[in-house]
Amino acid sequence: MFAVEVRDHVMIAHSFKGELFGPAQALHGATFVIDASFLSEDLDENGVVIDIGRAHEALKEVLAPLNYKNLDEVPEFAGINTTTEFLTKHIHGYLAEAARQDRLGRKGGELAAIRVTISESHVARAWHEAKI
Ligand SMILES: Nc1nc2c(c(=O)[nH]1)N=C([C@H](O)[C@H](O)COP(=O)(O)OP(=O)(O)OP(=O)(O)O)CN2
């Protein structure tokens, strides 16, 4: 398996509902580092998994509406705990759609999977991987 991985980050605020979250039920901030991995069994005729520049662009596009936002106030996330896991799936959905639209410099159908990893601190991260 081959992979190309690109990284970006966002600064957000949010709060969670549920006693499980203890102090994180209050509004708190975080800087998330996001790694998006694009996996394929083989390289294309250009010798790549996908184009790194286009992958970076797609990641920036999905993160831009989140950056410097209080996620509690983003209408799309109303009533949702915007956990690290939830956000991996949200970002994956956008990147998978970009791949399906062949916007990453490789036909989406030729990619095996996309994995989105979010490091929410230097000691904790979550990831979501799924086929396109
Ligand atoms: N499965 C998840 N658990 C938690 C998430 C998450 O996204 N997914 N997020 C948080 C908080 O947002 C924050 O990142 C950490 O909160 P906090 O309670 O302050 O810290 P910890 O849980 O790491 O440790 P404590 O010893 O309870 O302070 C929480 N959990």
# chains A, B, ... in the order shown; residues from 1 in each chain; ligands from 1
call {"tool": "residues_near_ligand", "arguments": {"ligand": "ligand 1", "cutoff": "9 Å", "atoms": "only C-alpha atoms and all ligand atoms", "output": "VMD selection string"}}
result
chain A and resid 14 to 16 20 to 25 28 to 30 81 to 87 120 to 121 123 to 126
call {"tool": "select_by_dssp", "arguments": {"residues": "chain A", "states": "alpha helix (DSSP H)", "output": "count of residues only"}}
result
29
call {"tool": "closest_residue", "arguments": {"among": "A:Gly108, A:Phe38, A:Gly93, A:Arg100", "to": "His56 of chain A", "atoms": "only C-alpha atoms"}}
result
A:Phe38
call {"tool": "residues_around", "arguments": {"residues": "Ala58 of chain A", "least_positions_apart": "2", "cutoff": "12 Å", "atoms": "only C-alpha atoms", "output": "MDAnalysis selection string"}}
result
chainID A and resid 6:8 36 38 50:56 60:64 91:99 101:105
call {"tool": "residues_around", "arguments": {"residues": "Val33 of chain A", "least_positions_apart": "2", "cutoff": "6 Å", "atoms": "only C-alpha atoms", "output": "PyMOL selection string"}}
result
chain A and resi 8-9+118-119
call {"tool": "write_last_selection", "arguments": {"atoms": "C-alpha atoms", "output": "tab-separated table (two decimals), in the first residue's frame"}}
result
chain	number	residue	atom	x	y	z
A	8	ASP	CA	-2.90	21.40	8.31
A	9	HIS	CA	-4.27	22.79	11.54
A	118	ILE	CA	-6.77	14.59	14.23
A	119	SER	CA	-4.25	15.19	16.99
call {"tool": "closest_residue", "arguments": {"among": "A:Glu57, A:Ser37, A:Pro75, A:Val48", "to": "Ala130 of chain A", "atoms": "only C-alpha atoms"}}
result
A:Ser37
call {"tool": "select_by_dssp", "arguments": {"residues": "chain A", "states": "strand (DSSP E)", "output": "PyMOL selection string"}}
result
chain A and resi 2-14+28-40+69-70+113-119+125-130
call {"tool": "write_last_selection", "arguments": {"atoms": "N, CA and C atoms", "output": "short mmCIF file (atom, residue, chain, number, x, y, z; two decimals), in the first residue's frame"}}
result
data_model
loop_
_atom_site.label_atom_id
_atom_site.label_comp_id
_atom_site.auth_asym_id
_atom_site.auth_seq_id
_atom_site.Cartn_x
_atom_site.Cartn_y
_atom_site.Cartn_z
N PHE A 2 0.49 2.24 -0.80
CA PHE A 2 1.17 3.54 -0.80
C PHE A 2 0.26 4.57 -0.12
N ALA A 3 0.88 5.60 0.40
CA ALA A 3 0.08 6.69 0.99
C ALA A 3 0.76 8.02 0.76
N VAL A 4 -0.07 9.03 0.53
CA VAL A 4 0.38 10.42 0.57
C VAL A 4 -0.37 11.07 1.73
N GLU A 5 0.34 11.81 2.54
CA GLU A 5 -0.29 12.42 3.71
C GLU A 5 0.00 13.91 3.73
N VAL A 6 -1.03 14.71 3.93
CA VAL A 6 -0.86 16.16 4.04
C VAL A 6 -1.40 16.62 5.39
N ARG A 7 -0.86 17.73 5.86
CA ARG A 7 -1.19 18.20 7.21
C ARG A 7 -1.61 19.67 7.19
N ASP A 8 -2.54 20.00 8.07
CA ASP A 8 -2.90 21.40 8.31
C ASP A 8 -3.37 21.49 9.75
N HIS A 9 -3.77 22.67 10.17
CA HIS A 9 -4.27 22.79 11.54
C HIS A 9 -5.38 23.84 11.60
N VAL A 10 -6.19 23.74 12.66
CA VAL A 10 -7.24 24.75 12.89
C VAL A 10 -7.28 25.07 14.38
N MET A 11 -7.71 26.30 14.65
CA MET A 11 -7.95 26.72 16.03
C MET A 11 -9.45 26.87 16.20
N ILE A 12 -10.00 26.15 17.18
CA ILE A 12 -11.46 26.17 17.36
C ILE A 12 -11.80 26.30 18.85
N ALA A 13 -13.07 26.56 19.10
CA ALA A 13 -13.61 26.45 20.46
C ALA A 13 -14.86 25.59 20.37
N HIS A 14 -15.18 24.90 21.44
CA HIS A 14 -16.42 24.13 21.50
C HIS A 14 -16.68 23.68 22.93
N HIS A 28 -14.27 25.47 25.69
CA HIS A 28 -12.81 25.41 25.74
C HIS A 28 -12.25 25.46 24.33
N GLY A 29 -11.00 25.82 24.23
CA GLY A 29 -10.38 25.96 22.92
C GLY A 29 -9.39 24.83 22.65
N ALA A 30 -9.10 24.64 21.37
CA ALA A 30 -8.11 23.62 20.99
C ALA A 30 -7.49 23.99 19.65
N THR A 31 -6.25 23.58 19.48
CA THR A 31 -5.62 23.65 18.16
C THR A 31 -5.48 22.21 17.68
N PHE A 32 -6.22 21.88 16.66
CA PHE A 32 -6.20 20.53 16.11
C PHE A 32 -5.21 20.46 14.94
N VAL A 33 -4.38 19.44 14.96
CA VAL A 33 -3.52 19.15 13.80
C VAL A 33 -4.17 18.01 13.03
N ILE A 34 -4.40 18.26 11.75
CA ILE A 34 -5.13 17.28 10.94
C ILE A 34 -4.21 16.69 9.88
N ASP A 35 -4.12 15.37 9.87
CA ASP A 35 -3.37 14.65 8.83
C ASP A 35 -4.36 13.89 7.96
N ALA A 36 -4.29 14.14 6.67
CA ALA A 36 -5.15 13.41 5.74
C ALA A 36 -4.28 12.50 4.90
N SER A 37 -4.57 11.20 4.98
CA SER A 37 -3.79 10.21 4.23
C SER A 37 -4.63 9.64 3.10
N PHE A 38 -4.04 9.58 1.94
CA PHE A 38 -4.70 9.04 0.75
C PHE A 38 -3.96 7.77 0.39
N LEU A 39 -4.69 6.65 0.36
CA LEU A 39 -4.05 5.35 0.19
C LEU A 39 -4.42 4.72 -1.14
N SER A 40 -3.41 4.10 -1.78
CA SER A 40 -3.71 3.34 -2.99
C SER A 40 -2.75 2.16 -3.09
N LYS A 69 -13.49 29.37 14.70
CA LYS A 69 -14.92 29.36 14.99
C LYS A 69 -15.21 28.68 16.32
N ASN A 70 -16.30 29.13 16.94
CA ASN A 70 -16.90 28.37 18.03
C ASN A 70 -17.81 27.35 17.36
N ALA A 113 -8.48 4.09 -0.04
CA ALA A 113 -9.14 4.65 1.15
C ALA A 113 -8.54 6.01 1.47
N ILE A 114 -9.24 6.71 2.34
CA ILE A 114 -8.71 7.95 2.93
C ILE A 114 -8.77 7.79 4.44
N ARG A 115 -7.71 8.21 5.09
CA ARG A 115 -7.69 8.20 6.56
C ARG A 115 -7.46 9.64 7.04
N VAL A 116 -8.30 10.08 7.95
CA VAL A 116 -8.15 11.41 8.54
C VAL A 116 -7.81 11.25 10.02
N THR A 117 -6.68 11.79 10.42
CA THR A 117 -6.24 11.73 11.81
C THR A 117 -6.23 13.14 12.38
N ILE A 118 -6.83 13.29 13.54
CA ILE A 118 -6.77 14.59 14.23
C ILE A 118 -6.04 14.40 15.55
N SER A 119 -4.94 15.14 15.71
CA SER A 119 -4.25 15.19 16.99
C SER A 119 -4.84 16.36 17.76
N ARG A 125 -5.06 11.47 19.97
CA ARG A 125 -5.52 11.68 18.59
C ARG A 125 -6.58 10.64 18.26
N ALA A 126 -7.35 10.95 17.22
CA ALA A 126 -8.38 10.03 16.74
C ALA A 126 -8.30 9.98 15.23
N TRP A 127 -8.71 8.86 14.66
CA TRP A 127 -8.71 8.82 13.20
C TRP A 127 -9.91 8.05 12.67
N HIS A 128 -10.25 8.34 11.41
CA HIS A 128 -11.33 7.65 10.70
C HIS A 128 -10.78 7.28 9.33
N GLU A 129 -10.95 6.01 8.99
CA GLU A 129 -10.50 5.54 7.67
C GLU A 129 -11.65 4.81 7.01
N ALA A 130 -11.88 5.13 5.74
CA ALA A 130 -12.94 4.44 5.00
C ALA A 130 -12.63 4.51 3.52
#
call {"tool": "decode", "arguments": {"residues": "segment 10-76 of chain A", "atoms": "C-alpha atoms", "output": "mmCIF file, in the first residue's frame"}}
result
data_model
loop_
_atom_site.group_PDB
_atom_site.id
_atom_site.type_symbol
_atom_site.label_atom_id
_atom_site.label_comp_id
_atom_site.auth_asym_id
_atom_site.auth_seq_id
_atom_site.Cartn_x
_atom_site.Cartn_y
_atom_site.Cartn_z
ATOM 1 C CA VAL A 10 -7.240 24.746 12.894
ATOM 2 C CA MET A 11 -7.949 26.715 16.034
ATOM 3 C CA ILE A 12 -11.461 26.168 17.359
ATOM 4 C CA ALA A 13 -13.613 26.450 20.461
ATOM 5 C CA HIS A 14 -16.423 24.130 21.496
ATOM 6 C CA SER A 15 -18.226 22.588 24.457
ATOM 7 C CA PHE A 16 -19.677 19.122 24.973
ATOM 8 C CA LYS A 17 -22.921 17.817 26.401
ATOM 9 C CA GLY A 18 -22.639 14.804 28.718
ATOM 10 C CA GLU A 19 -21.136 14.130 32.119
ATOM 11 C CA LEU A 20 -18.544 11.882 30.458
ATOM 12 C CA PHE A 21 -16.747 15.017 29.344
ATOM 13 C CA GLY A 22 -16.225 16.512 32.795
ATOM 14 C CA PRO A 23 -14.610 19.955 32.513
ATOM 15 C CA ALA A 24 -14.901 19.820 28.718
ATOM 16 C CA GLN A 25 -18.646 20.468 29.131
ATOM 17 C CA ALA A 26 -17.594 24.101 29.422
ATOM 18 C CA LEU A 27 -16.489 26.127 26.438
ATOM 19 C CA HIS A 28 -12.807 25.409 25.744
ATOM 20 C CA GLY A 29 -10.377 25.955 22.920
ATOM 21 C CA ALA A 30 -8.110 23.621 20.990
ATOM 22 C CA THR A 31 -5.620 23.646 18.157
ATOM 23 C CA PHE A 32 -6.201 20.528 16.108
ATOM 24 C CA VAL A 33 -3.517 19.151 13.804
ATOM 25 C CA ILE A 34 -5.129 17.278 10.938
ATOM 26 C CA ASP A 35 -3.369 14.652 8.834
ATOM 27 C CA ALA A 36 -5.154 13.414 5.735
ATOM 28 C CA SER A 37 -3.790 10.207 4.228
ATOM 29 C CA PHE A 38 -4.701 9.042 0.753
ATOM 30 C CA LEU A 39 -4.048 5.345 0.191
ATOM 31 C CA SER A 40 -3.706 3.342 -2.994
ATOM 32 C CA GLU A 41 -2.485 -0.111 -3.895
ATOM 33 C CA ASP A 42 -0.444 1.236 -6.799
ATOM 34 C CA LEU A 43 0.977 4.366 -8.345
ATOM 35 C CA ASP A 44 -0.542 5.935 -11.445
ATOM 36 C CA GLU A 45 1.208 6.649 -14.755
ATOM 37 C CA ASN A 46 2.761 9.765 -13.157
ATOM 38 C CA GLY A 47 4.216 7.701 -10.327
ATOM 39 C CA VAL A 48 1.955 9.220 -7.660
ATOM 40 C CA VAL A 49 -0.893 8.282 -5.332
ATOM 41 C CA ILE A 50 -2.469 11.712 -5.824
ATOM 42 C CA ASP A 51 -1.231 15.236 -6.384
ATOM 43 C CA ILE A 52 0.047 16.628 -3.071
ATOM 44 C CA GLY A 53 -0.843 20.213 -3.990
ATOM 45 C CA ARG A 54 -4.467 19.343 -4.727
ATOM 46 C CA ALA A 55 -4.695 17.266 -1.569
ATOM 47 C CA HIS A 56 -3.462 20.259 0.447
ATOM 48 C CA GLU A 57 -6.002 22.515 -1.254
ATOM 49 C CA ALA A 58 -8.885 20.145 -0.514
ATOM 50 C CA LEU A 59 -7.845 19.902 3.139
ATOM 51 C CA LYS A 60 -7.633 23.699 3.412
ATOM 52 C CA GLU A 61 -11.095 24.026 1.851
ATOM 53 C CA VAL A 62 -12.795 21.798 4.394
ATOM 54 C CA LEU A 63 -10.967 23.381 7.337
ATOM 55 C CA ALA A 64 -11.485 27.034 6.376
ATOM 56 C CA PRO A 65 -15.114 27.236 7.611
ATOM 57 C CA LEU A 66 -14.022 25.795 10.992
ATOM 58 C CA ASN A 67 -10.941 27.904 11.677
ATOM 59 C CA TYR A 68 -11.300 30.440 14.511
ATOM 60 C CA LYS A 69 -14.923 29.356 14.986
ATOM 61 C CA ASN A 70 -16.896 28.371 18.034
ATOM 62 C CA LEU A 71 -18.203 25.079 16.653
ATOM 63 C CA ASP A 72 -21.226 25.318 18.980
ATOM 64 C CA GLU A 73 -22.367 28.212 16.775
ATOM 65 C CA VAL A 74 -21.858 26.513 13.398
ATOM 66 C CA PRO A 75 -25.427 25.752 12.182
ATOM 67 C CA GLU A 76 -24.368 22.496 10.500
#
